[in-house]
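Encoded as structure tokens, the structure appears first; notes follow it.
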Amino acid sequence: MRVSIDLPDIGEGVAEGQVIEWLKNIDDRVEKDEPIVTIMTDKATVELPSPYSGTLTRQFYEQGEIATVHAPLYEIETEDEVKRERAKPKKKPPPQENAHAPRSQRPLATPATRKLARDLKIDLATVKGTGKDGRITPDDLKIVQIASDEEVPLIGVPHLMAKKMAESKREIPHFSFFEQVDATRLKALHDKVKDEGVKQGVKVTYLPFLIRALSLTLKVHPRVNSSFGNDKIIIHKNHNIGIAMASKEGLIVPVLKDVQEMSLEDVIRKFESLKQRALKGEMSPDEMRGATITLTNFGVLGHGGGRWATPIINSPEAAILGVNKIHKEPVVKNDELILQETLNLSWSFDHRIIDGDLAANTSSTFASLIINPAQLL
């Protein structure tokens with residue numbers, strides 16, 4: 001008997017999920033409770049097991065398509081039916097027609113050109129030959145290859161990120177604010193703490209210092225740690241800071257929660273643990289949601305890390321801070337030109353919640369913590 005299996009209710013109001021990967025192919029043997037397909041929702045990525053043993057006979061969705069909860073997802077020919085089918089005498093297959101077209105109908109091309117077409121995965125029937133009598137030449141194949149655009153489906157994390165960023169940019173009126181900060185003392189403090197971390201086997205980067213500074217800034221300006229909905233501003237008491245980082249799946253934003261309760265040492269240790277789990281794909285779904293503000297470090301990217309950016313707010317948050325790589329830059333101090341360790345700040349704010357005055361004061365508070373980082377201890 002063939003049984004249709006629906007996409008189950010995964011919980012938390014999820015109505016749909018993207019098919020990330022089919023773990024079984026059509027006609028594959030399936031055991032009861034064996035994972036069949038990987039589904040990704042806005043909340044989590046899960047492997048769905050089969051409720052029956054048998055053979056997979058149909059997949060209602062291709063990889064990358066969106067499946068609907070309580071709608072058919074795949075079909076299984078259950079065990080009893082499979083056994084009966086195997087017991088039936090096999091019929092001789094009908095004679096096959098010649099699969100090869102007559103030579104006169106085949107595209108004209110030399111064996112070497114045909115091999116090149118196979119290597120390039122080009123169907124000769126789609127190529128117009130420019131050689132004698134319409135013969136296809138290697139140059140014809142190269143023209144086709146250059147003209148062919150590659151289609152890359154967005155699946156999994158990249159698909160979710162594209163969806164969320166488009167919604168955020170469409171719904172939130174972004175307002176950007178930039179500031180350049182003297183990071184000389186921050187660099188000195190980091191180097192000192194980093195040396196101590198080496199002794200204790202703890203890796204110390206700049207991000208925990210910035211996370212701690214952001215949390216202290218939110219204590220001064222709590223409205224920045226908020227979200228907008230139903231004509232109301234929700235000011236969050238917990239500082240759940242999302243940290244955007246690259247992974248093999250794409251851009252991810254693990255969340256370090258309750259930072260307002262942490263010391264600098266706590267932030268250093270918990271951030272490093274979270275980062276390692278994130279890069280290994282070992283985070284729980286809870287560690288990927290619930291952010292109230294996001295910090296993104298684009299200083300690790302590109303040749304020089306860039307100088308400024310206009311990061312997109314991670315809806316429904318009200319702000320995001322982008323930081324670049326600390327770098328030496330000539331500045332004028334006391335009428336003298338000096339080289340200074342400099343950190344550039346690139347903020348984006350939800351202008352429905354945060355006006356220019358609050359944005360400037362928020363950045364100023366954060367900058368003062370970077371200039372005098374002893375306050376972070």
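Letters A, B, ... mark the chains of the structure tokens in the order given; residue numbers begin at 1 per chain; ligand numbers begin at 1, in order shown.
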DSSP helix (DSSP H, G or I) selection over range 161-239 of chain A, as a CSV table (one decimal) with C-alpha atoms, in the first residue's frame:
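Saved the output as selection38.csv:
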```csv
chain,number,residue,atom,x,y,z
A,161,MET,CA,19.0,35.2,5.0
A,162,ALA,CA,17.9,36.5,1.6
A,163,LYS,CA,14.3,36.4,2.7
A,164,LYS,CA,14.9,38.1,6.1
A,165,MET,CA,17.1,40.8,4.6
A,166,ALA,CA,14.6,41.6,1.9
A,167,GLU,CA,11.8,41.9,4.4
A,168,SER,CA,13.9,44.0,6.8
A,169,LYS,CA,14.9,46.5,4.0
A,170,ARG,CA,11.4,46.7,2.7
A,171,GLU,CA,9.7,47.3,6.1
A,184,THR,CA,44.8,53.0,20.9
A,185,ARG,CA,44.0,52.1,24.5
A,186,LEU,CA,41.6,49.3,23.4
A,187,LYS,CA,44.4,47.7,21.4
A,188,ALA,CA,46.7,47.9,24.4
A,189,LEU,CA,44.1,46.4,26.7
A,190,HIS,CA,43.3,43.6,24.2
A,191,ASP,CA,47.0,42.7,23.8
A,192,LYS,CA,47.3,42.5,27.6
A,193,VAL,CA,44.2,40.3,28.1
A,194,LYS,CA,45.2,38.2,25.1
A,195,ASP,CA,48.5,37.3,26.6
A,196,GLU,CA,46.8,36.3,29.8
A,197,GLY,CA,44.3,34.2,27.8
A,198,VAL,CA,47.1,32.3,26.1
A,199,LYS,CA,48.3,31.2,29.6
A,200,GLN,CA,44.8,29.9,30.3
A,207,LEU,CA,34.8,41.1,19.5
A,208,PRO,CA,34.1,40.4,23.2
A,209,PHE,CA,35.4,43.9,24.0
A,210,LEU,CA,33.0,45.3,21.5
A,211,ILE,CA,30.1,43.1,22.7
A,212,ARG,CA,30.7,44.3,26.3
A,213,ALA,CA,30.9,47.9,25.1
A,214,LEU,CA,27.6,47.5,23.2
A,215,SER,CA,25.9,46.1,26.3
A,216,LEU,CA,27.1,49.0,28.5
A,217,THR,CA,25.9,51.4,25.8
A,218,LEU,CA,22.4,49.8,25.9
A,219,LYS,CA,22.2,50.4,29.6
A,220,VAL,CA,22.6,54.1,28.9
A,222,PRO,CA,17.8,51.3,26.5
A,223,ARG,CA,15.5,52.5,23.6
A,224,VAL,CA,18.1,51.2,21.1
```
Would you mind writing down, as JSON, numbers by chain, each residue of range 235-346 of chain A that DSSP on the backbone assigns to strand (DSSP E)? {"A": [235, 241, 242, 243, 244, 245, 246, 247, 250, 251, 252, 255, 256, 293, 294, 295, 296, 297, 319, 320, 321, 322, 323, 327, 328, 329, 330, 331, 332, 333, 336, 337, 338, 339, 340, 341, 342, 343, 344, 345, 346]}
Residues of range 131-157 of chain A within 12 Å of range 10-19 of chain A: nearest atom pair and distance (Å, one decimal) for each, counting only C-alpha atoms, sorted by chain and number, as a tab-separated table?
```
residue	atom	partner	partner_atom	distance
A:Pro153	CA	A:Val19	CA	11.9
A:Leu154	CA	A:Gln18	CA	10.3
A:Ile155	CA	A:Gln18	CA	7.6
A:Gly156	CA	A:Gln18	CA	7.1
A:Val157	CA	A:Gln18	CA	10.1
```
Need the shell around Asn25 in chain A: protein/DNA/RNA residues with any atom at most 9 Å away, counting only C-alpha atoms. Skip same-chain ones fewer than 4 positions apart. Format as number ranges by chain? A: 29, 36, 56-59
May I have the selected residues written with N, CA and C atoms, as a PDB file, in the first residue's frame?
```pdb
ATOM      1  N   ARG A  29      15.332   1.920  -0.432  1.00  0.00           N
ATOM      2  CA  ARG A  29      14.781   1.208   0.712  1.00  0.00           C
ATOM      3  C   ARG A  29      14.776   2.131   1.931  1.00  0.00           C
ATOM      4  N   ILE A  36      14.436  10.821   6.342  1.00  0.00           N
ATOM      5  CA  ILE A  36      14.120  10.853   4.919  1.00  0.00           C
ATOM      6  C   ILE A  36      14.532  12.173   4.275  1.00  0.00           C
ATOM      7  N   LEU A  56      10.692   4.398  -0.923  1.00  0.00           N
ATOM      8  CA  LEU A  56      10.310   5.767  -1.259  1.00  0.00           C
ATOM      9  C   LEU A  56       9.899   5.813  -2.725  1.00  0.00           C
ATOM     10  N   THR A  57       8.651   6.192  -2.983  1.00  0.00           N
ATOM     11  CA  THR A  57       8.138   6.163  -4.358  1.00  0.00           C
ATOM     12  C   THR A  57       7.901   7.537  -4.960  1.00  0.00           C
ATOM     13  N   ARG A  58       7.811   8.568  -4.094  1.00  0.00           N
ATOM     14  CA  ARG A  58       7.532   9.894  -4.652  1.00  0.00           C
ATOM     15  C   ARG A  58       8.016  10.978  -3.702  1.00  0.00           C
ATOM     16  N   GLN A  59       8.545  12.051  -4.280  1.00  0.00           N
ATOM     17  CA  GLN A  59       8.914  13.253  -3.535  1.00  0.00           C
ATOM     18  C   GLN A  59       8.089  14.397  -4.121  1.00  0.00           C
TER      19      GLN A  59
END
```
Which residues are near Glu179 in chain A? Cut-off 8 Å, only C-alpha atoms, ignore same chain within fewer than 4 positions. Put them as a list in words. Asn344, Leu345, Ser346 and Ser363 of chain A
Considering only C-alpha atoms, can you say which of A:Lys328, A:His239, A:Lys203, A:His159 comes closest to Glu272 in chain A? A:Lys203
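Put simply, CA of His327 in chain A is 18.2 Å away from CA of Phe366 in chain A.
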Residue with smallest distance to Ile136 in chain A - pool A:Leu160, A:Leu120, A:Met1, A:Leu108, counting only C-alpha atoms: A:Leu108
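Proximity to Ile241 in chain A was assessed for A:Glu265, A:Glu341, A:Glu282, A:Glu287 counting only C-alpha atoms; the smallest distance is recorded for A:Glu287.
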Range 316-324 of chain A environment, 9 Å, only C-alpha atoms, sequence neighbours closer than 3 positions dropped, as a CSV table (one decimal) with N, CA and C atoms, in the first residue's frame:
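Wrote it out as out10.csv, contents follow:
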```
chain,number,residue,atom,x,y,z
A,168,SER,N,13.4,43.0,5.9
A,168,SER,CA,13.9,44.0,6.8
A,168,SER,C,14.1,45.4,6.0
A,172,ILE,N,11.7,48.3,7.2
A,172,ILE,CA,12.3,49.2,8.2
A,172,ILE,C,12.9,50.4,7.4
A,174,HIS,N,15.7,52.6,7.2
A,174,HIS,CA,17.0,52.6,7.7
A,174,HIS,C,17.6,54.0,7.8
A,210,LEU,N,34.0,44.5,22.1
A,210,LEU,CA,33.0,45.3,21.5
A,210,LEU,C,31.6,44.9,22.0
A,214,LEU,N,29.0,47.3,23.7
A,214,LEU,CA,27.6,47.5,23.2
A,214,LEU,C,26.6,47.3,24.3
A,223,ARG,N,16.4,52.4,24.8
A,223,ARG,CA,15.5,52.5,23.6
A,223,ARG,C,16.1,51.8,22.4
A,224,VAL,N,17.4,51.8,22.3
A,224,VAL,CA,18.1,51.2,21.1
A,224,VAL,C,18.0,49.7,21.2
A,225,ASN,N,17.8,49.1,22.4
A,225,ASN,CA,17.6,47.7,22.5
A,225,ASN,C,16.1,47.4,22.5
A,226,SER,N,15.5,47.6,21.3
A,226,SER,CA,14.0,47.5,21.2
A,226,SER,C,13.6,47.0,19.9
A,227,SER,N,12.3,46.8,19.7
A,227,SER,CA,11.7,46.4,18.5
A,227,SER,C,10.3,47.1,18.3
A,228,PHE,N,9.9,47.2,17.1
A,228,PHE,CA,8.6,47.9,16.7
A,228,PHE,C,7.6,46.9,16.2
A,229,GLY,N,6.4,47.1,16.7
A,229,GLY,CA,5.3,46.2,16.2
A,229,GLY,C,4.0,46.7,16.7
A,291,ALA,N,17.6,37.4,19.3
A,291,ALA,CA,18.5,38.6,19.4
A,291,ALA,C,17.7,39.9,19.5
A,292,THR,N,18.3,40.8,20.3
A,292,THR,CA,17.6,42.1,20.4
A,292,THR,C,18.4,43.2,19.7
A,293,ILE,N,19.7,42.9,19.3
A,293,ILE,CA,20.5,43.8,18.5
A,293,ILE,C,21.6,43.0,18.0
A,294,THR,N,22.2,43.5,16.8
A,294,THR,CA,23.2,42.7,16.2
A,294,THR,C,24.5,43.5,16.0
A,295,LEU,N,25.6,42.7,16.1
A,295,LEU,CA,27.0,43.3,15.9
A,295,LEU,C,27.6,42.5,14.7
A,296,THR,N,28.1,43.2,13.7
A,296,THR,CA,28.7,42.5,12.6
A,296,THR,C,30.1,43.1,12.4
A,297,ASN,N,31.1,42.2,12.2
A,297,ASN,CA,32.5,42.6,12.0
A,297,ASN,C,32.9,42.3,10.5
A,298,PHE,N,32.9,43.4,9.7
A,298,PHE,CA,33.3,43.2,8.3
A,298,PHE,C,34.8,43.5,8.2
A,299,GLY,N,35.5,43.7,9.3
A,299,GLY,CA,37.0,43.9,9.2
A,299,GLY,C,37.8,42.7,8.8
A,300,VAL,N,37.2,41.5,8.9
A,300,VAL,CA,37.9,40.3,8.6
A,300,VAL,C,37.8,40.0,7.1
A,301,LEU,N,37.0,40.8,6.3
A,301,LEU,CA,36.7,40.5,4.9
A,301,LEU,C,37.5,41.4,4.0
A,305,GLY,N,39.7,44.9,4.6
A,305,GLY,CA,38.6,44.9,5.5
A,305,GLY,C,37.5,45.9,5.3
A,306,GLY,N,37.8,46.8,4.4
A,306,GLY,CA,36.8,47.9,4.2
A,306,GLY,C,36.9,49.0,5.3
A,307,ARG,N,36.3,50.1,5.0
A,307,ARG,CA,36.3,51.2,6.0
A,307,ARG,C,34.9,51.5,6.6
A,308,TRP,N,33.9,51.5,5.7
A,308,TRP,CA,32.6,51.8,6.1
A,308,TRP,C,31.6,50.8,5.5
A,309,ALA,N,30.4,50.7,6.1
A,309,ALA,CA,29.4,49.9,5.5
A,309,ALA,C,28.0,50.4,5.9
A,310,THR,N,26.9,49.9,5.3
A,310,THR,CA,25.6,50.2,5.7
A,310,THR,C,24.8,48.9,5.9
A,311,PRO,N,25.1,48.3,7.1
A,311,PRO,CA,24.5,47.0,7.4
A,311,PRO,C,23.0,47.1,7.5
A,312,ILE,N,22.4,45.9,7.1
A,312,ILE,CA,20.9,45.9,7.1
A,312,ILE,C,20.5,45.3,8.5
A,313,ILE,N,19.5,46.0,9.1
A,313,ILE,CA,19.0,45.6,10.4
A,313,ILE,C,18.3,44.2,10.3
A,327,HIS,N,42.9,49.8,12.5
A,327,HIS,CA,44.0,50.1,11.5
A,327,HIS,C,44.7,51.4,11.9
A,343,LEU,N,39.3,52.8,14.8
A,343,LEU,CA,38.2,51.8,14.6
A,343,LEU,C,37.0,52.6,14.0
A,344,ASN,N,36.5,52.2,12.9
A,344,ASN,CA,35.4,52.9,12.3
A,344,ASN,C,34.1,52.2,12.7
A,345,LEU,N,33.1,53.0,13.0
A,345,LEU,CA,31.8,52.4,13.4
A,345,LEU,C,30.8,52.8,12.3
A,346,SER,N,30.0,51.8,11.9
A,346,SER,CA,29.0,51.9,10.9
A,346,SER,C,27.6,51.4,11.5
A,347,TRP,N,26.8,52.4,11.9
A,347,TRP,CA,25.5,52.0,12.5
A,347,TRP,C,24.4,52.1,11.5
A,348,SER,N,23.4,51.2,11.7
A,348,SER,CA,22.1,51.4,11.0
A,348,SER,C,21.0,51.3,12.1
A,349,PHE,N,20.1,52.3,12.0
A,349,PHE,CA,19.0,52.4,13.0
A,349,PHE,C,17.6,52.4,12.4
A,350,ASP,N,16.7,51.9,13.1
A,350,ASP,CA,15.3,51.9,12.7
A,350,ASP,C,14.8,53.3,13.0
A,351,HIS,N,14.5,54.1,11.9
A,351,HIS,CA,14.2,55.6,12.1
A,351,HIS,C,12.8,55.8,12.7
A,352,ARG,N,12.0,54.7,12.8
A,352,ARG,CA,10.7,54.8,13.4
A,352,ARG,C,10.9,54.9,14.9
A,353,ILE,N,12.0,54.4,15.4
A,353,ILE,CA,12.2,54.3,16.9
A,353,ILE,C,13.3,55.2,17.3
A,354,ILE,N,14.3,55.3,16.5
A,354,ILE,CA,15.6,56.1,16.9
A,354,ILE,C,15.8,57.3,15.9
```
Excluding same-chain residues fewer than 4 positions from Ala71 in chain A, what lies within 8 Å of it counting only C-alpha atoms, as a PDB file with N, CA and C atoms, in the first residue's frame?
```pdb
ATOM      1  N   ASP A   6       2.585  13.641   5.187  1.00  0.00           N
ATOM      2  CA  ASP A   6       2.512  15.100   5.181  1.00  0.00           C
ATOM      3  C   ASP A   6       3.679  15.706   5.951  1.00  0.00           C
ATOM      4  N   LEU A   7       3.969  16.983   5.652  1.00  0.00           N
ATOM      5  CA  LEU A   7       4.925  17.735   6.473  1.00  0.00           C
ATOM      6  C   LEU A   7       4.260  17.987   7.815  1.00  0.00           C
ATOM      7  N   ALA A  67       7.869  23.630   1.291  1.00  0.00           N
ATOM      8  CA  ALA A  67       6.805  22.676   1.598  1.00  0.00           C
ATOM      9  C   ALA A  67       5.852  23.282   2.630  1.00  0.00           C
TER      10      ALA A  67
END
```
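Considering only C-alpha atoms, the residue among A:Thr137, A:Ile243, A:Gly131, A:Ile326 positioned nearest to Lys115 in chain A is A:Thr137.
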For each of A:Ala183, A:Met288, A:Leu339, A:Ile234, take the minimum atom-to-atom distance to Lys257 in chain A, counting only C-alpha atoms, then give the residue where this is smallest.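 For Lys257 in chain A, the nearest of the given residues is A:Met288.
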Point-to-point distance in Å for CA of Lys325 in chain A and CA of Asp182 in chain A: 12.5 Å
